[in-house]
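Below is one structure, written out as structure tokens; comments come after it.
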Amino acid sequence: MVDPVPADAPQFIRDYNAYYKTDRGYHARSVNSNDGWNVTGTMSFINQPINQYTNEIRSAVLMVHGDKAHSYYFSKDEYKKMTTNSKYTDNKELMTIPGAVHTDLYDGGKNRDLIPFDKLDTFFNQYLN
């Protein structure tokens, strides 16, 4: 995580800094709060088309994303792929949280009220029994 944030940094970098570099989300052993990174990672998956067959997923899927998150497009695109030409759509849902950025769904945001706990509870009780 870049610190200090450059004046021309995109908003999502500012959001990450406001989370990982403050009491809100800082932890001494957190990769994102400090200068290090994991010795191992997911780079081995970079050339694999792991999202190619999402429309074959039979399990229930609830995607929760803030509409102000820089990666919101990803959930919308993947939800579309997951439900297009699929016979397993009844237990799939994309839930959009108005006004939320990526890090707001870590802790509920400034007012601590953006995480849809009622929806999560209902969804998990319905599909996980």
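Identifiers in the structure tokens: chain A, B, ... in order shown; residue index from 1 per chain; ligand index from 1 in order shown.
Omitting Lys76 in chain A and its sequence neighbours fewer than 2 positions away, and counting only C-alpha atoms, the residues within 12 Å are Leu62, Met63, Val64, His65, Gly66, Asp67, Ala69, His70, Ser71, Tyr72, Tyr73, Phe74, Glu78, Tyr79, Lys80, Lys81, Met82, Thr83, Glu93, Leu94, Met95 and Thr96 of chain A.
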Could the residues in this selection be saved with N, CA, C and O atoms as a short mmCIF file (atom, residue, chain, number, x, y, z; two decimals), in the first residue's frame?
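Result file is again-v2.cif:
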```cif
data_model
loop_
_atom_site.label_atom_id
_atom_site.label_comp_id
_atom_site.auth_asym_id
_atom_site.auth_seq_id
_atom_site.Cartn_x
_atom_site.Cartn_y
_atom_site.Cartn_z
N LEU A 62 -23.97 -16.00 -3.66
CA LEU A 62 -24.41 -14.64 -3.39
C LEU A 62 -23.19 -13.73 -3.55
O LEU A 62 -22.23 -13.85 -2.80
N MET A 63 -23.23 -12.87 -4.54
CA MET A 63 -22.16 -11.91 -4.77
C MET A 63 -22.62 -10.58 -4.20
O MET A 63 -23.68 -10.07 -4.57
N VAL A 64 -21.83 -10.02 -3.27
CA VAL A 64 -22.17 -8.75 -2.63
C VAL A 64 -21.10 -7.75 -3.02
O VAL A 64 -19.92 -7.98 -2.78
N HIS A 65 -21.53 -6.64 -3.62
CA HIS A 65 -20.55 -5.67 -4.11
C HIS A 65 -21.10 -4.26 -3.97
O HIS A 65 -22.29 -4.02 -4.18
N GLY A 66 -20.23 -3.34 -3.62
CA GLY A 66 -20.61 -1.93 -3.57
C GLY A 66 -20.62 -1.32 -4.96
O GLY A 66 -19.74 -1.63 -5.77
N ASP A 67 -21.59 -0.48 -5.24
CA ASP A 67 -21.66 0.12 -6.57
C ASP A 67 -20.62 1.20 -6.80
O ASP A 67 -20.42 1.64 -7.93
N ALA A 69 -17.41 0.60 -5.77
CA ALA A 69 -16.13 -0.13 -5.76
C ALA A 69 -15.53 -0.13 -7.16
O ALA A 69 -16.25 -0.29 -8.15
N HIS A 70 -14.22 0.02 -7.24
CA HIS A 70 -13.56 0.05 -8.54
C HIS A 70 -13.71 -1.27 -9.28
O HIS A 70 -13.59 -1.33 -10.49
N SER A 71 -13.96 -2.35 -8.56
CA SER A 71 -14.06 -3.68 -9.16
C SER A 71 -15.51 -4.14 -9.35
O SER A 71 -15.76 -5.31 -9.63
N TYR A 72 -16.47 -3.25 -9.20
CA TYR A 72 -17.88 -3.61 -9.32
C TYR A 72 -18.18 -4.26 -10.67
O TYR A 72 -18.97 -5.20 -10.76
N TYR A 73 -17.52 -3.78 -11.71
CA TYR A 73 -17.72 -4.35 -13.04
C TYR A 73 -17.47 -5.85 -13.04
O TYR A 73 -18.12 -6.61 -13.77
N PHE A 74 -16.50 -6.28 -12.24
CA PHE A 74 -16.13 -7.70 -12.23
C PHE A 74 -17.30 -8.56 -11.76
O PHE A 74 -17.63 -9.58 -12.37
N GLU A 78 -19.16 -11.26 -14.03
CA GLU A 78 -19.14 -12.68 -13.64
C GLU A 78 -20.54 -13.21 -13.34
O GLU A 78 -20.84 -14.36 -13.63
N TYR A 79 -21.39 -12.38 -12.76
CA TYR A 79 -22.77 -12.80 -12.52
C TYR A 79 -23.47 -13.10 -13.86
O TYR A 79 -24.17 -14.11 -14.00
N LYS A 80 -23.24 -12.24 -14.82
CA LYS A 80 -23.82 -12.46 -16.15
C LYS A 80 -23.31 -13.76 -16.75
O LYS A 80 -24.09 -14.56 -17.28
N LYS A 81 -21.99 -14.01 -16.65
CA LYS A 81 -21.43 -15.26 -17.17
C LYS A 81 -22.01 -16.47 -16.43
O LYS A 81 -22.28 -17.51 -17.01
N MET A 82 -22.18 -16.32 -15.12
CA MET A 82 -22.66 -17.42 -14.30
C MET A 82 -24.11 -17.80 -14.61
O MET A 82 -24.49 -18.95 -14.48
N THR A 83 -24.89 -16.83 -15.03
CA THR A 83 -26.32 -17.09 -15.22
C THR A 83 -26.73 -17.20 -16.69
O THR A 83 -27.88 -17.55 -16.97
N GLU A 93 -27.34 -14.91 -6.97
CA GLU A 93 -27.81 -13.54 -6.78
C GLU A 93 -26.62 -12.58 -6.72
O GLU A 93 -25.60 -12.88 -6.11
N LEU A 94 -26.81 -11.43 -7.35
CA LEU A 94 -25.86 -10.33 -7.24
C LEU A 94 -26.56 -9.24 -6.45
O LEU A 94 -27.58 -8.71 -6.87
N MET A 95 -26.01 -8.94 -5.28
CA MET A 95 -26.58 -7.90 -4.43
C MET A 95 -25.67 -6.68 -4.49
O MET A 95 -24.48 -6.76 -4.18
N THR A 96 -26.24 -5.56 -4.88
CA THR A 96 -25.50 -4.31 -5.00
C THR A 96 -25.79 -3.44 -3.78
O THR A 96 -26.95 -3.22 -3.45
#
```
Give me, as a PDB file with N, CA and C atoms, in the first residue's frame, the residues of chain A that a backbone DSSP run labels strand (DSSP E).
```
ATOM      1  N   VAL A  61     -24.783 -19.118  -4.847  1.00  0.00           N
ATOM      2  CA  VAL A  61     -23.783 -18.050  -4.907  1.00  0.00           C
ATOM      3  C   VAL A  61     -24.471 -16.719  -4.638  1.00  0.00           C
ATOM      4  N   LEU A  62     -23.969 -16.000  -3.661  1.00  0.00           N
ATOM      5  CA  LEU A  62     -24.408 -14.636  -3.387  1.00  0.00           C
ATOM      6  C   LEU A  62     -23.195 -13.735  -3.550  1.00  0.00           C
ATOM      7  N   MET A  63     -23.234 -12.869  -4.538  1.00  0.00           N
ATOM      8  CA  MET A  63     -22.157 -11.909  -4.770  1.00  0.00           C
ATOM      9  C   MET A  63     -22.619 -10.580  -4.198  1.00  0.00           C
ATOM     10  N   VAL A  64     -21.835 -10.019  -3.273  1.00  0.00           N
ATOM     11  CA  VAL A  64     -22.174  -8.751  -2.634  1.00  0.00           C
ATOM     12  C   VAL A  64     -21.104  -7.746  -3.018  1.00  0.00           C
ATOM     13  N   HIS A  65     -21.527  -6.636  -3.619  1.00  0.00           N
ATOM     14  CA  HIS A  65     -20.549  -5.669  -4.108  1.00  0.00           C
ATOM     15  C   HIS A  65     -21.098  -4.255  -3.967  1.00  0.00           C
ATOM     16  N   GLY A  66     -20.229  -3.337  -3.620  1.00  0.00           N
ATOM     17  CA  GLY A  66     -20.607  -1.926  -3.572  1.00  0.00           C
ATOM     18  C   GLY A  66     -20.617  -1.323  -4.960  1.00  0.00           C
ATOM     19  N   LYS A  92     -28.652 -18.159  -7.489  1.00  0.00           N
ATOM     20  CA  LYS A  92     -27.585 -17.180  -7.760  1.00  0.00           C
ATOM     21  C   LYS A  92     -28.139 -15.771  -7.586  1.00  0.00           C
ATOM     22  N   GLU A  93     -27.341 -14.915  -6.967  1.00  0.00           N
ATOM     23  CA  GLU A  93     -27.807 -13.541  -6.777  1.00  0.00           C
ATOM     24  C   GLU A  93     -26.625 -12.579  -6.719  1.00  0.00           C
ATOM     25  N   LEU A  94     -26.806 -11.431  -7.354  1.00  0.00           N
ATOM     26  CA  LEU A  94     -25.858 -10.327  -7.243  1.00  0.00           C
ATOM     27  C   LEU A  94     -26.557  -9.238  -6.447  1.00  0.00           C
ATOM     28  N   MET A  95     -26.015  -8.939  -5.284  1.00  0.00           N
ATOM     29  CA  MET A  95     -26.577  -7.895  -4.427  1.00  0.00           C
ATOM     30  C   MET A  95     -25.670  -6.679  -4.487  1.00  0.00           C
ATOM     31  N   THR A  96     -26.244  -5.560  -4.882  1.00  0.00           N
ATOM     32  CA  THR A  96     -25.499  -4.311  -5.001  1.00  0.00           C
ATOM     33  C   THR A  96     -25.794  -3.441  -3.783  1.00  0.00           C
ATOM     34  N   ILE A  97     -24.734  -2.950  -3.150  1.00  0.00           N
ATOM     35  CA  ILE A  97     -24.868  -2.073  -1.996  1.00  0.00           C
ATOM     36  C   ILE A  97     -24.636  -0.640  -2.477  1.00  0.00           C
TER      37      ILE A  97
END
```
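Interatomic distance, CA of Asp113 in chain A against CA of Asn125 in chain A: 21.1 Å.
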With DSSP run on the backbone, what are the alpha helix (DSSP H) residues within chain A? I'd like them as a ChimeraX atom specification. /A:11-20,72-83,104-107,117-128
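Nearest residue to Ser33 in chain A, choosing from A:Ile46, A:Asp8, A:Ala18, A:Met1 and counting only C-alpha atoms: A:Met1.
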I want to know what sits within 10 Å of Asn32 in chain A, based on only C-alpha atoms, with residues of the same chain fewer than 2 positions away left out; could you give that as JSON, numbers by chain? {"A": [1, 2, 16, 17, 19, 20, 21, 25, 26, 27, 28, 29, 30, 34, 35, 36, 37]}
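Using only C-alpha atoms, the smallest distance between any of A:Thr42, A:Val31, A:Asp23, A:Asp15 and Leu105 in chain A comes from A:Asp15.
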Min atom-atom distance to Lys68 in chain A from the set A:Phe123, A:Arg112, A:Ala100, A:Ala7, counting only C-alpha atoms, belongs to A:Ala100
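Straight-line separation from CA of Ile115 in chain A to CA of Pro98 in chain A: 10.9 Å.
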